[in-house]
$ cat upload_15.txt   # compact mmCIF, C-alpha atoms
# COMPACT_ATOMS: atom_id res chain seq x y z
CA MET K 1 32.80 306.40 52.48
CA MET K 2 35.81 304.25 51.78
CA GLN K 3 35.70 305.74 48.32
CA VAL K 4 36.44 309.12 49.85
CA ALA K 5 39.93 308.01 50.63
CA ALA K 6 42.48 310.38 52.02
CA LEU K 7 44.54 312.16 49.42
CA GLU K 8 47.81 310.87 50.75
CA ILE K 9 46.73 307.31 50.12
CA GLU K 10 45.55 308.24 46.66
CA VAL K 11 48.69 310.09 45.76
CA THR K 12 51.15 307.59 47.06
CA ALA K 13 49.23 304.59 45.79
CA MET K 14 49.43 305.76 42.20
CA ASP K 15 50.43 303.58 39.29
CA ASP K 16 53.85 302.01 39.10
CA PRO K 17 56.35 304.80 39.43
CA VAL K 18 58.69 305.50 36.55
CA PRO K 19 62.01 307.28 36.76
CA VAL K 20 61.82 310.93 37.77
CA ARG K 21 61.51 313.32 34.89
CA GLU K 22 61.97 317.00 34.77
CA GLU K 23 59.34 318.67 36.85
CA ALA K 24 58.56 321.28 34.23
CA GLN K 25 57.74 318.59 31.71
CA VAL K 26 55.50 316.75 34.15
CA ARG K 27 53.80 320.00 34.99
CA GLN K 28 53.22 320.68 31.32
CA ASP K 29 51.78 317.21 30.80
CA LEU K 30 49.41 317.58 33.71
CA LEU K 31 48.28 321.05 32.70
CA ALA K 32 46.98 319.58 29.46
CA PHE K 33 44.11 318.17 31.53
CA LYS K 34 43.12 321.39 33.19
CA ASP K 35 39.89 321.81 31.22
CA LYS K 36 38.85 318.26 31.92
CA VAL K 37 39.68 318.69 35.58
CA PHE K 38 37.70 321.91 35.73
CA CYS K 39 34.69 320.30 34.01
CA LEU K 40 34.84 317.32 36.34
CA CYS K 41 34.81 319.69 39.31
CA MET K 42 31.95 321.61 37.71
CA GLY K 43 29.98 318.38 37.46
CA PHE K 44 30.52 317.62 41.12
CA VAL K 45 30.01 321.03 42.70
CA GLY K 46 27.78 322.81 40.16
CA ASN K 47 29.33 326.29 40.09
CA SER K 48 32.38 327.66 38.35
CA ALA K 49 33.88 329.56 41.29
CA ASP K 50 34.15 326.43 43.40
CA ALA K 51 35.19 324.41 40.35
CA ARG K 52 38.07 326.82 39.72
CA ASP K 53 39.19 326.61 43.34
CA LEU K 54 39.02 322.85 43.19
CA ALA K 55 40.98 322.70 39.93
CA GLN K 56 43.69 324.81 41.51
CA GLU K 57 43.68 322.66 44.60
CA THR K 58 43.90 319.53 42.45
CA PHE K 59 46.94 320.82 40.60
CA ALA K 60 48.52 322.01 43.81
CA ARG K 61 48.17 318.53 45.26
CA ALA K 62 49.34 316.85 42.07
CA LEU K 63 52.35 319.09 41.50
CA ALA K 64 53.41 318.69 45.10
CA HIS K 65 53.85 314.97 44.49
CA CYS K 66 54.73 314.59 40.85
CA GLY K 67 58.38 315.42 41.48
CA GLU K 68 58.77 312.24 43.50
CA ASN K 69 57.09 309.74 41.21
CA ARG K 70 55.40 310.13 37.92
CA PRO K 71 52.20 308.18 37.34
CA LYS K 72 51.95 305.91 34.34
CA ASN K 73 48.51 307.26 33.54
CA PRO K 74 48.58 310.97 34.46
CA GLN K 75 45.03 311.64 33.33
CA ALA K 76 43.52 308.91 35.48
CA TRP K 77 45.71 309.99 38.37
CA ILE K 78 44.81 313.66 38.26
CA MET K 79 41.14 312.84 37.74
CA ARG K 80 41.19 310.77 40.91
CA ILE K 81 42.79 313.64 42.80
CA ALA K 82 40.16 316.04 41.45
CA ARG K 83 37.33 313.71 42.36
CA ASN K 84 38.62 313.33 45.91
CA ALA K 85 39.04 317.08 46.25
CA CYS K 86 35.44 317.55 45.09
CA LEU K 87 34.13 315.04 47.57
CA ASP K 88 36.12 316.70 50.34
CA MET K 89 34.59 320.06 49.49
CA THR K 90 31.11 318.56 49.28
CA ARG K 91 31.54 317.15 52.76
CA ARG K 92 32.82 320.47 54.08
CA LYS K 93 29.85 322.29 52.57
CA LYS K 94 27.41 319.77 53.96
CA SER K 95 28.75 320.41 57.43
CA ARG K 96 28.35 324.18 56.86
CA GLY K 97 24.69 323.89 55.80
CA PRO K 98 22.86 324.19 52.48
CA GLN K 99 24.13 326.61 49.86
CA HIS K 100 22.69 327.73 46.57
CA PRO K 101 25.09 327.53 43.66
CA ILE K 102 25.09 330.40 41.20
CA SER K 103 23.93 329.47 37.73
CA GLU K 104 26.67 329.34 35.09
CA PHE K 105 24.25 328.74 32.28
CA THR K 106 25.25 330.34 28.99
CA ALA K 107 22.43 332.22 27.42
CA LEU K 108 22.57 332.79 23.69
CA ASP K 109 22.03 336.32 22.46
CA ARG K 110 18.80 335.38 20.78
CA ASP K 111 17.36 333.89 23.96
CA THR K 112 14.59 335.87 25.55
CA PRO K 113 14.58 336.26 29.33
CA GLU K 114 11.75 333.72 29.53
CA ILE K 115 13.73 331.12 27.57
CA ARG K 116 16.81 331.82 29.63
CA ALA K 117 14.88 331.47 32.89
CA GLY K 118 13.32 328.24 31.63
CA ARG K 119 16.69 326.75 30.73
CA GLU K 120 18.22 327.79 34.02
CA GLU K 121 15.40 325.99 35.76
CA GLU K 122 16.03 322.92 33.62
CA ILE K 123 19.73 322.81 34.40
CA ARG K 124 18.91 323.29 38.08
CA ILE K 125 16.76 320.17 37.93
CA VAL K 126 19.53 318.25 36.15
CA ARG K 127 22.04 319.29 38.80
CA LYS K 128 19.65 318.26 41.53
CA ALA K 129 19.13 314.89 39.86
CA ILE K 130 22.90 314.34 39.64
CA ARG K 131 23.38 315.29 43.28
CA ARG K 132 20.79 312.70 44.29
CA LEU K 133 22.59 309.87 42.54
CA PRO K 134 24.54 307.35 44.57
CA LEU K 135 28.26 308.12 44.45
CA ARG K 136 29.20 305.16 42.25
CA LEU K 137 26.67 306.26 39.60
CA ARG K 138 27.50 309.95 39.96
CA ASP K 139 31.21 309.24 39.43
CA VAL K 140 30.59 307.58 36.10
CA LEU K 141 28.07 310.12 34.87
CA VAL K 142 30.21 313.15 35.74
CA LEU K 143 33.33 311.63 34.23
CA ARG K 144 31.41 310.86 31.05
CA GLU K 145 29.19 313.91 30.63
CA TYR K 146 31.31 316.64 32.15
CA ALA K 147 34.92 315.47 31.77
CA GLU K 148 34.06 313.69 28.49
CA LEU K 149 36.20 310.65 29.19
CA SER K 150 35.80 307.49 27.16
CA TYR K 151 34.50 304.32 28.77
CA GLN K 152 38.06 302.99 28.85
CA GLU K 153 39.37 306.15 30.53
CA ILE K 154 36.57 306.07 33.08
CA ALA K 155 37.38 302.44 33.80
CA GLN K 156 41.04 303.34 34.38
CA THR K 157 40.22 306.30 36.54
CA LEU K 158 37.81 304.44 38.77
CA ARG K 159 39.68 301.12 38.53
CA ILE K 160 36.62 299.20 37.44
CA GLY K 161 35.76 297.19 34.35
CA SER K 162 34.44 298.76 31.15
CA GLY K 163 31.26 296.68 31.41
CA THR K 164 30.65 298.09 34.87
CA VAL K 165 31.16 301.59 33.51
CA MET K 166 28.55 301.04 30.81
CA SER K 167 25.97 299.54 33.13
CA ARG K 168 26.45 302.24 35.76
CA LEU K 169 26.27 304.96 33.15
CA ASN K 170 23.05 303.53 31.81
CA ARG K 171 21.52 303.39 35.28
CA ALA K 172 22.70 306.87 36.09
CA ARG K 173 21.22 308.33 32.91
CA ARG K 174 17.91 306.61 33.46
CA ALA K 175 17.73 307.86 37.04
CA VAL K 176 18.54 311.43 36.00
CA LEU K 177 16.09 311.29 33.13
CA ARG K 178 13.30 309.97 35.32
CA PHE K 179 13.86 312.65 37.93
CA TYR K 180 14.12 315.35 35.27
CA GLN K 181 10.89 314.32 33.57
CA GLU K 182 9.02 314.14 36.87
CA GLU K 183 10.27 317.50 38.09
CA HIS K 184 10.16 319.29 34.77
CA HIS K 185 6.70 318.16 33.79
CA GLY K 186 5.51 318.63 37.35
CA SER K 187 6.66 322.25 37.33
CA LYS K 188 5.06 322.90 33.92
CA ARG K 189 1.65 321.68 35.06
CA MET Y 1 18.22 301.42 26.24
CA GLU Y 2 17.50 302.77 22.81
CA ALA Y 3 14.38 304.50 24.10
CA ASN Y 4 16.56 306.65 26.41
CA VAL Y 5 18.84 308.00 23.72
CA ASP Y 6 16.67 310.82 22.43
CA PRO Y 7 15.38 312.13 25.76
CA TRP Y 8 18.92 312.03 27.07
CA ARG Y 9 20.04 314.28 24.24
CA GLU Y 10 18.03 317.11 25.76
CA ILE Y 11 19.79 316.73 29.09
CA ALA Y 12 23.20 316.34 27.43
CA ASP Y 13 22.59 319.61 25.57
CA LEU Y 14 21.79 321.37 28.85
CA ILE Y 15 24.95 320.01 30.41
CA ASP Y 16 26.98 321.05 27.37
CA ARG Y 17 25.65 324.55 27.51
CA GLU Y 18 26.34 324.89 31.22
CA LYS Y 19 29.83 323.52 30.70
CA LYS Y 20 30.48 325.90 27.82
CA GLY Y 21 29.54 328.92 29.91
CA ALA Y 22 31.67 327.81 32.82
CA LEU Y 23 34.66 327.08 30.56
CA GLU Y 24 34.41 330.52 28.98
CA GLU Y 25 34.53 332.04 32.43
CA PHE Y 26 37.39 329.70 33.39
CA HIS Y 27 39.47 330.72 30.37
CA GLY Y 28 38.71 334.39 30.93
CA ARG Y 29 40.95 334.52 33.97
CA PRO Y 30 44.52 333.25 34.34
CA PHE Y 31 44.79 329.85 35.94
CA VAL Y 32 47.57 329.53 38.49
CA PRO Y 33 47.96 325.88 39.38
CA GLY Y 34 49.10 325.47 42.92
CA GLY Y 35 48.54 329.16 43.61
CA LEU Y 36 45.75 328.55 46.04
CA PRO Y 37 46.60 329.61 49.59
CA ALA Y 38 46.48 326.89 52.19
CA ARG Y 39 43.04 326.64 53.74
CA ARG Y 40 42.87 327.28 57.40
CA PRO Y 41 40.01 326.03 59.49
CA ALA Y 42 37.69 328.82 60.55
CA PRO Y 43 38.52 329.77 64.16
CA LEU Y 44 35.71 329.24 66.62
CA PHE Y 45 36.71 332.27 68.72
CA ARG Y 46 37.66 335.51 66.96
CA PRO Y 47 39.03 337.98 69.53
CA ALA Y 48 38.04 341.22 67.80
CA PRO Y 49 34.31 340.45 67.32
CA ALA Y 50 34.13 338.91 70.77
CA LEU Y 51 35.63 342.04 72.35
CA ALA Y 52 33.30 344.27 70.36
CA ALA Y 53 30.31 342.21 71.47
CA ALA Y 54 31.44 342.34 75.10
CA ALA Y 55 31.89 346.14 74.92
CA LEU Y 56 28.45 346.55 73.39
CA LEU Y 57 26.86 344.39 76.07
CA LEU Y 58 28.60 346.36 78.81
CA ALA Y 59 27.51 349.67 77.31
CA ALA Y 60 23.94 348.45 76.94
CA GLY Y 61 23.92 347.24 80.55
CA LEU Y 62 25.25 350.54 81.90
CA ALA Y 63 22.84 352.54 79.78
CA SER Y 64 19.87 350.52 80.96
CA LEU Y 65 20.99 350.90 84.58
CA TRP Y 66 21.33 354.63 84.10
CA LEU Y 67 17.90 354.85 82.50
CA LEU Y 68 16.27 352.80 85.22
CA ARG Y 69 17.90 354.65 88.10
CA GLY Y 70 17.93 358.12 86.61
CA GLY Y 71 21.60 358.56 87.44
CA TRP Y 72 24.60 356.97 89.08
CA LYS Y 73 24.09 358.50 92.54
CA SER Y 74 20.85 356.67 93.10
CA ALA Y 75 22.28 353.25 92.34
CA PRO Y 76 21.14 350.50 94.71
CA ALA Y 77 22.42 350.99 98.24
CA ALA Y 78 21.95 349.41 101.63
CA PRO Y 79 19.33 351.80 103.08
CA GLU Y 80 16.84 350.74 100.45
CA TRP Y 81 17.23 347.15 101.47
CA ASN Y 82 16.89 348.17 105.09
CA GLU Y 83 13.65 349.89 104.28
CA ILE Y 84 12.39 346.86 102.43
CA LEU Y 85 13.39 344.48 105.19
CA ALA Y 86 12.39 346.73 108.08
CA GLY Y 87 9.16 344.88 108.69
CA THR Y 88 10.64 341.40 108.67
CA PHE Y 89 11.19 339.31 111.76
CA LEU Y 90 14.96 339.76 111.91
CA TYR Y 91 14.89 343.52 111.42
CA GLY Y 92 12.02 344.00 113.78
CA ARG Y 93 13.82 342.65 116.86
CA GLU Y 94 14.36 345.04 119.72
CA GLY Y 95 17.89 346.34 119.91
CA SER Y 96 18.80 345.04 116.45
CA PRO Y 97 21.56 347.05 114.78
CA GLU Y 98 19.43 348.03 111.81
CA GLU Y 99 16.91 349.90 113.90
CA GLY Y 100 17.11 353.58 113.14
CA THR Y 101 19.77 353.21 110.49
CA SER Y 102 17.33 353.47 107.62
CA ALA Y 103 15.92 356.65 109.06
CA ALA Y 104 19.40 358.05 109.50
CA GLY Y 105 20.33 357.06 105.96
CA ALA Y 106 17.28 358.81 104.60
CA VAL Y 107 18.45 362.19 105.89
CA PRO Y 108 19.65 364.35 102.99
CA VAL Y 109 23.31 364.79 103.81
CA SER Y 110 23.96 367.50 101.26
CA ALA Y 111 21.26 369.85 102.64
CA PRO Y 112 22.97 373.24 103.41
CA TYR Y 113 20.95 374.07 106.54
CA PHE Y 114 21.60 370.69 108.06
CA THR Y 115 25.34 370.88 107.34
CA ALA Y 116 25.64 374.29 108.94
CA TRP Y 117 23.65 373.17 111.93
CA ALA Y 118 25.80 370.08 112.38
CA ALA Y 119 28.98 372.18 112.19
CA VAL Y 120 27.72 374.46 114.96
CA LEU Y 121 26.81 371.52 117.13
CA GLN Y 122 30.21 369.95 116.72
CA ARG Y 123 31.90 373.00 118.23
CA PRO Y 124 33.34 372.22 121.69
CA ALA Y 125 30.84 372.79 124.47
CA GLY Y 126 30.92 372.04 128.17
CA GLY Y 127 28.87 369.73 130.36
CA ALA Y 128 26.59 366.80 129.77
CA GLU Y 129 24.50 368.80 127.32
CA ALA Y 130 27.40 369.02 124.91
CA GLY Y 131 27.77 365.29 125.05
CA LEU Y 132 24.08 364.86 124.48
CA GLU Y 133 24.12 367.26 121.59
CA ARG Y 134 26.99 365.41 120.02
CA ALA Y 135 25.04 362.19 120.48
CA ALA Y 136 22.10 363.80 118.71
CA VAL Y 137 24.34 364.82 115.82
CA ALA Y 138 25.83 361.35 115.66
CA ALA Y 139 22.34 359.95 115.39
CA VAL Y 140 21.72 361.91 112.20
CA GLU Y 141 25.15 361.42 110.65
CA PRO Y 142 25.21 359.82 107.24
CA PHE Y 143 24.68 356.13 107.34
CA ASP Y 144 27.76 354.06 106.67
CA PRO Y 145 26.79 350.43 106.04
CA ALA Y 146 30.36 349.24 106.58
CA ALA Y 147 30.78 350.90 109.97
CA PRO Y 148 30.70 348.69 113.07
CA VAL Y 149 27.36 348.84 114.81
CA GLU Y 150 27.23 349.89 118.45
CA ARG Y 151 24.75 347.92 120.46
CA VAL Y 152 23.01 350.03 123.10
CA ASP Y 153 20.47 349.37 125.74
CA PRO Y 154 17.04 350.82 124.80
CA GLY Y 155 16.38 351.66 128.42
CA GLU Y 156 19.54 353.72 128.60
CA VAL Y 157 18.53 355.58 125.41
CA ARG Y 158 15.15 356.34 126.90
CA GLN Y 159 16.84 357.70 130.03
CA LYS Y 160 19.14 359.93 127.96
CA ILE Y 161 16.26 361.30 125.94
CA GLY Y 162 14.35 361.96 129.18
CA ARG Y 163 17.33 363.83 130.59
CA MET Y 164 17.63 365.90 127.38
CA ILE Y 165 13.98 366.86 127.61
CA ARG Y 166 14.26 367.78 131.27
CA ALA Y 167 17.38 369.90 130.70
CA GLY Y 168 15.67 371.73 127.82
CA ALA Y 169 18.40 370.67 125.40
CA ILE Y 170 15.97 370.04 122.57
CA GLU Y 171 14.38 373.45 122.98
CA ARG Y 172 17.81 375.05 122.89
CA LEU Y 173 18.68 373.01 119.83
CA LEU Y 174 15.58 374.23 118.05
CA ALA Y 175 16.29 377.84 119.08
CA ARG Y 176 19.83 377.54 117.82
CA MET Y 177 18.66 376.04 114.54
CA GLU Y 178 16.29 378.94 114.07
CA LYS Y 179 19.15 381.36 114.73
CA ILE Y 180 21.39 379.57 112.27
CA ASN Y 181 18.67 379.61 109.65
CA LYS Y 182 18.35 383.34 110.05
CA GLU Y 183 22.14 383.73 109.72
CA VAL Y 184 22.27 381.59 106.57

$ encode --input "upload_15.txt" --output "structure tokens"
Amino acid sequence: MMQVAALEIEVTAMDDPVPVREEAQVRQDLLAFKDKVFCLCMGFVGNSADARDLAQETFARALAHCGENRPKNPQAWIMRIARNACLDMTRRKKSRGPQHPISEFTALDRDTPEIRAGREEEIRIVRKAIRRLPLRLRDVLVLREYAELSYQEIAQTLRIGSGTVMSRLNRARRAVLRFYQEEHHGSKR
Amino acid sequence: MEANVDPWREIADLIDREKKGALEEFHGRPFVPGGLPARRPAPLFRPAPALAAAALLLAAGLASLWLLRGGWKSAPAAPEWNEILAGTFLYGREGSPEEGTSAAGAVPVSAPYFTAWAAVLQRPAGGAEAGLERAAVAAVEPFDPAAPVERVDPGEVRQKIGRMIRAGAIERLLARMEKINKEV
């Protein structure tokens, strides 16, 4: 739970501050990561409505503090803020009871309803598998598969070594795969 | 590790497709960073629903009371309790204040004949008979549970009733009632 640090600590303990720049420029720089932030949130919460809210909340938090100091690595900084916001929401939702996220799966025009339903079921299993992962594995997997960060970027965001990123990613993928195969084949039988 | 590459592709494709759909939806609406209103914790007590619930409960309670009793006038009152408790040890004691009150309370006060009769009796009259008649009227006056109770000696009451019988007061009362009934 120490990983779910308070935002204030996260924001103020950012990388070495550099001289204050124009806020508009900083804002512009940060907004370049909005898709990645949204995808990261999507990976954590599993539905686009909450992911949008969380992306907005992330930028609100970031922009409230970027006028004071500007982080050396804005991407890693904003990704940390987004991750913490996601974990905060997850905790809030846990305390409110179970909820069922709406599927955001994109169906191709040629997909029949049966294929679409089958794929929605598959993505539901994947989401469930990701939710069951321990936080340290889930962090790495979501940053890699949803936010599409490189190993180096993940290492900077989570402040861990690249070797640790690779090993955790491997373990996370294996765990998800195992769960997916068990559930998917179990449901087909 | 190599063995996991191909099976993982399937899952990666699912994630990509989900992400693509969500991103399309995300780009479809304007993104206002920092435009989110501050979240307020949900209040435990909301006055409006609580008041509505209280009003509903009150209405339901009154309605059920009305249905059970058949009206407001017959709501629970003391005489009923007196009737229920009449046979108990405390109420059964000689000279106890509750003796006779339940009977008095049971008299229909709003009966027209009785009212007219009582009015005639309350007219000024001379002698001990008048006093006795007034006492008879007082005995059938509506029961007031809050009124102070007068303790009387049963022997004295018996004497008074004996005197009334000897003087023919009851017969005269009955004759007068008959006359009043004819008038009404």

$ atom_distance --input "upload_15.txt" --atom1 "CA of Val45 (chain K)" --atom2 "CA of His65 (chain K)"
24.7 Å

$ interface_residues --input "upload_15.txt" --of "chain K" --to "chain Y" --cutoff "8 Å" --atoms "all atoms listed in the file" --output "PyMOL selection string"
chain K and resi 35+38-39+42+47-48+52-53+55-61+63+104-106+119+122-123+126+145-146+170+173-174+177

$ atom_distance --input "upload_15.txt" --atom1 "CA of Leu137 (chain K)" --atom2 "CA of Gln152 (chain K)"
16.0 Å

$ closest_residue --input "upload_15.txt" --among "K:Glu183, K:Glu148, K:Asp50, K:Asp29" --to "Thr90 (chain K)" --atoms "all atoms listed in the file"
K:Asp50

$ atom_distance --input "upload_15.txt" --atom1 "CA of Ala175 (chain K)" --atom2 "CA of Leu141 (chain K)"
10.8 Å
